[in-house]
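Chemist: Right, I'll just put the structure down here and ask away after.
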Amino acid sequence: MFAVLTAAVLGAGGAAGTAHADVNPPVDEASVTAYIEETIEDSAYPYWDNWLKSQQLDQAEPLYKIIQRGETYENACDGAISSSDIPSAFYCDQDVQQDGVTYEGVLVFPIETMLAMQLGEVNGQYSEKAGKFTVATTVTHEMGHWIQDVLVYQGAQPPIRPGKHQELMADCFSGVWAGATAEGTLTVADFEAAVESREKAGDVEFTDPGHHGTPQERANAWKIGFFGSSNNSGSHPENCINEYWRS
Ligand SMILES: [Zn+2]
């Protein structure tokens, strides 16, 4: 079972139900909350947990926190207080204790920003192809940072140099998850939403230490995760490590 921060007050109950079946259920903070939970718990975490086991690595579960409207969250990394509309999701790599268990970091998702993302605003820009899968791509990008953290912490890889390659690898890991788990369910629209979300997340601030890769590099990184590399096709995390790990 995946653990949620006990402080989280999840707003998934109640609001979404209607008397008759909707073809298009409402897109609101409750539905996005439920989708983030589902993506992590039913798909991405089980995928990565299996992969860690296949690498003889220990389970190193992260917590996740969806910051609901009106809530604030203080992260253990820099002590910053975040609200539900901060510009982006993030991963804080500090271990967290909860109920006597140590968790490997916390994934943080500001709900207003995540909802806006599904409705077409990615990194302050309009994404025509945005949809649910834009949210999933962001969620699994952050989980990519958690996997990086686990690999370093358990000595499977040397510390990674922060910056562009760290971000591209997280994009690549997101693509791996999509490719490995979405067979039969991933639509063309999902694929396009994911690729466009990486383009919108890119920047051309080459001299900025916060440069995260160009739009094309980021989309390409996701596709390498999804399709594989020229010498190893298919969705394999090793491709992302070979391509982007820079210590
Ligand atoms: Zn990132």
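Quick note on naming: the chains in the structure tokens go A, B, ... in the order shown, residues restart at 1 in each chain, and ligands are numbered from 1 in order of appearance.
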Got a sec: who's within 12 Å of Gln55 (chain A), counting only C-alpha atoms, leaving out chain neighbours fewer than 2 positions off, as a ChimeraX atom specification?

Modeler: /A:48-53,57-59,150-151,154-157,237-238

Chemist: Write the residues of the preceding selection, restricted to N, CA and C atoms, as a JSON list (two decimals), in the first residue's frame.

Modeler:
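New file result00.json:
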```
[["chain", "number", "residue", "atom", "x", "y", "z"],
["A", 48, "TRP", "N", 7.40, 1.22, -10.65],
["A", 48, "TRP", "CA", 8.76, 1.51, -10.18],
["A", 48, "TRP", "C", 9.18, 0.58, -9.04],
["A", 49, "ASP", "N", 8.23, 0.22, -8.22],
["A", 49, "ASP", "CA", 8.54, -0.71, -7.14],
["A", 49, "ASP", "C", 9.05, -2.03, -7.71],
["A", 50, "ASN", "N", 8.38, -2.53, -8.73],
["A", 50, "ASN", "CA", 8.81, -3.75, -9.40],
["A", 50, "ASN", "C", 10.19, -3.60, -10.02],
["A", 51, "TRP", "N", 10.39, -2.45, -10.63],
["A", 51, "TRP", "CA", 11.69, -2.23, -11.27],
["A", 51, "TRP", "C", 12.80, -2.19, -10.22],
["A", 52, "LEU", "N", 12.56, -1.50, -9.11],
["A", 52, "LEU", "CA", 13.58, -1.46, -8.05],
["A", 52, "LEU", "C", 13.91, -2.87, -7.58],
["A", 53, "LYS", "N", 12.88, -3.68, -7.41],
["A", 53, "LYS", "CA", 13.11, -5.07, -6.98],
["A", 53, "LYS", "C", 13.94, -5.82, -8.02],
["A", 57, "LEU", "N", 17.22, -3.61, -5.56],
["A", 57, "LEU", "CA", 17.23, -2.44, -4.68],
["A", 57, "LEU", "C", 16.04, -2.53, -3.73],
["A", 58, "ASP", "N", 16.20, -1.87, -2.58],
["A", 58, "ASP", "CA", 15.13, -1.91, -1.59],
["A", 58, "ASP", "C", 13.98, -1.02, -2.01],
["A", 59, "GLN", "N", 12.83, -1.42, -1.57],
["A", 59, "GLN", "CA", 11.66, -0.57, -1.69],
["A", 59, "GLN", "C", 11.97, 0.74, -0.98],
["A", 150, "VAL", "N", 16.57, 7.49, -5.11],
["A", 150, "VAL", "CA", 16.72, 6.12, -4.62],
["A", 150, "VAL", "C", 18.01, 5.51, -5.16],
["A", 151, "LEU", "N", 18.29, 5.73, -6.43],
["A", 151, "LEU", "CA", 19.48, 5.14, -7.04],
["A", 151, "LEU", "C", 20.76, 5.67, -6.40],
["A", 154, "GLN", "N", 20.92, 4.43, -2.53],
["A", 154, "GLN", "CA", 21.27, 3.02, -2.34],
["A", 154, "GLN", "C", 22.56, 2.64, -3.07],
["A", 155, "GLY", "N", 23.27, 3.65, -3.54],
["A", 155, "GLY", "CA", 24.59, 3.42, -4.10],
["A", 155, "GLY", "C", 24.61, 2.78, -5.47],
["A", 156, "ALA", "N", 23.46, 2.76, -6.13],
["A", 156, "ALA", "CA", 23.42, 2.15, -7.46],
["A", 156, "ALA", "C", 23.99, 3.09, -8.52],
["A", 157, "GLN", "N", 23.99, 4.38, -8.22],
["A", 157, "GLN", "CA", 24.54, 5.39, -9.14],
["A", 157, "GLN", "C", 25.23, 6.47, -8.31],
["A", 237, "PRO", "N", 14.12, 1.80, -18.19],
["A", 237, "PRO", "CA", 14.78, 2.86, -17.41],
["A", 237, "PRO", "C", 16.28, 2.96, -17.71],
["A", 238, "GLU", "N", 16.90, 1.84, -18.02],
["A", 238, "GLU", "CA", 18.35, 1.85, -18.31],
["A", 238, "GLU", "C", 18.68, 2.82, -19.45]]
```

Chemist: Show me which residues line ligand 1, defined as having an atom within 12 Å of a ligand atom where only C-alpha atoms and all ligand atoms count, and present them as a count of residues only.

Modeler: 40

Chemist: Of the candidates A:Asp149, A:Glu41, A:Glu196, A:Asp95, which shows the shortest atom-to-atom distance to Met117 (chain A), using only C-alpha atoms?

Modeler: A:Glu196

Chemist: Interatomic distance between CA of Pro25 (chain A) and CA of Lys65 (chain A)?

Modeler: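 CA of Lys65 (chain A) lies 23.9 Å from CA of Pro25 (chain A).
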
Chemist: Just want the 12 Å neighbourhood of Ile224 (chain A), counted on only C-alpha atoms, with same-chain residues fewer than 4 positions away dropped. Output as a PyMOL selection string.

Modeler: chain A and resi 168-179+195+217-220+228-244

Chemist: Can you work out which one of A:Glu38, A:Glu29, A:Glu61, A:Glu205 has the shortest atom-to-atom distance to Tyr103 (chain A), counting only C-alpha atoms?

Modeler: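 Between A:Glu38, A:Glu29, A:Glu61, A:Glu205, the residue approaching Tyr103 (chain A) most closely is A:Glu61.
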
Chemist: Taking into account only C-alpha atoms, which residue in the set A:Ala194, A:Ala182, A:Ile86, A:Val188 is nearest to Phe109 (chain A)?

Modeler: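 Using only C-alpha atoms, Phe109 (chain A) sits closest to A:Ile86.
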
Chemist: Any chance you could list, as a ChimeraX atom specification, the residues in region 161-233 of chain A that come up alpha helix (DSSP H) when DSSP is run on the backbone?

Modeler: /A:164-181,188-201,215-227

Chemist: Among region 3-114 of chain A, which ones does DSSP assign to strand (DSSP E) (computed from the backbone)? Answer as a PyMOL selection string.

Modeler: chain A and resi 63-67+72-74+81-83+90-92+96-98+101-103+106-110

Chemist: With distances taken over only C-alpha atoms, which of A:Gln98, A:Ala180, A:Ala30, A:Val106 is nearest to Gly225 (chain A)?

Modeler: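 Among the listed residues, the smallest separation from Gly225 (chain A) belongs to A:Ala180.
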
Chemist: Quick one: everything within 12 Å of Glu128 (chain A), counting only C-alpha atoms, minus sequence neighbours fewer than 3 positions away in the same chain. Send it as a PyMOL selection string.

Modeler: chain A and resi 117-122+125+131+134+189+192-197+199-200

Chemist: Filtering to C-alpha atoms, could you give me those residues as an mmCIF file, in the first residue's frame?

Modeler:
```
data_model
loop_
_atom_site.group_PDB
_atom_site.id
_atom_site.type_symbol
_atom_site.label_atom_id
_atom_site.label_comp_id
_atom_site.auth_asym_id
_atom_site.auth_seq_id
_atom_site.Cartn_x
_atom_site.Cartn_y
_atom_site.Cartn_z
ATOM 1 C CA MET A 117 -2.518 22.076 -16.370
ATOM 2 C CA GLN A 118 -5.221 19.611 -17.344
ATOM 3 C CA LEU A 119 -7.233 22.543 -18.721
ATOM 4 C CA GLY A 120 -4.363 23.773 -20.872
ATOM 5 C CA GLU A 121 -1.918 25.915 -18.900
ATOM 6 C CA VAL A 122 1.514 24.333 -18.712
ATOM 7 C CA GLN A 125 1.901 28.737 -21.492
ATOM 8 C CA GLY A 131 -5.562 16.880 -20.942
ATOM 9 C CA THR A 134 -0.514 16.224 -19.068
ATOM 10 C CA ALA A 189 -4.339 12.330 -27.602
ATOM 11 C CA GLU A 192 0.381 14.205 -27.808
ATOM 12 C CA ALA A 193 -0.532 15.770 -24.472
ATOM 13 C CA ALA A 194 2.588 14.260 -22.911
ATOM 14 C CA VAL A 195 4.920 15.386 -25.679
ATOM 15 C CA GLU A 196 3.471 18.890 -25.760
ATOM 16 C CA SER A 197 3.713 19.177 -21.973
ATOM 17 C CA GLU A 199 7.799 21.100 -24.956
ATOM 18 C CA LYS A 200 6.035 23.678 -22.821
#
```

Chemist: Quick one, how far is CA of Val23 (chain A) from CA of Asp42 (chain A)?

Modeler: 22.7 Å

Chemist: Between CA of Arg246 (chain A) and CA of Asp93 (chain A), what is the spacing in Å?

Modeler: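 One can read the CA of Asp93 (chain A) to CA of Arg246 (chain A) distance as 18.4 Å.
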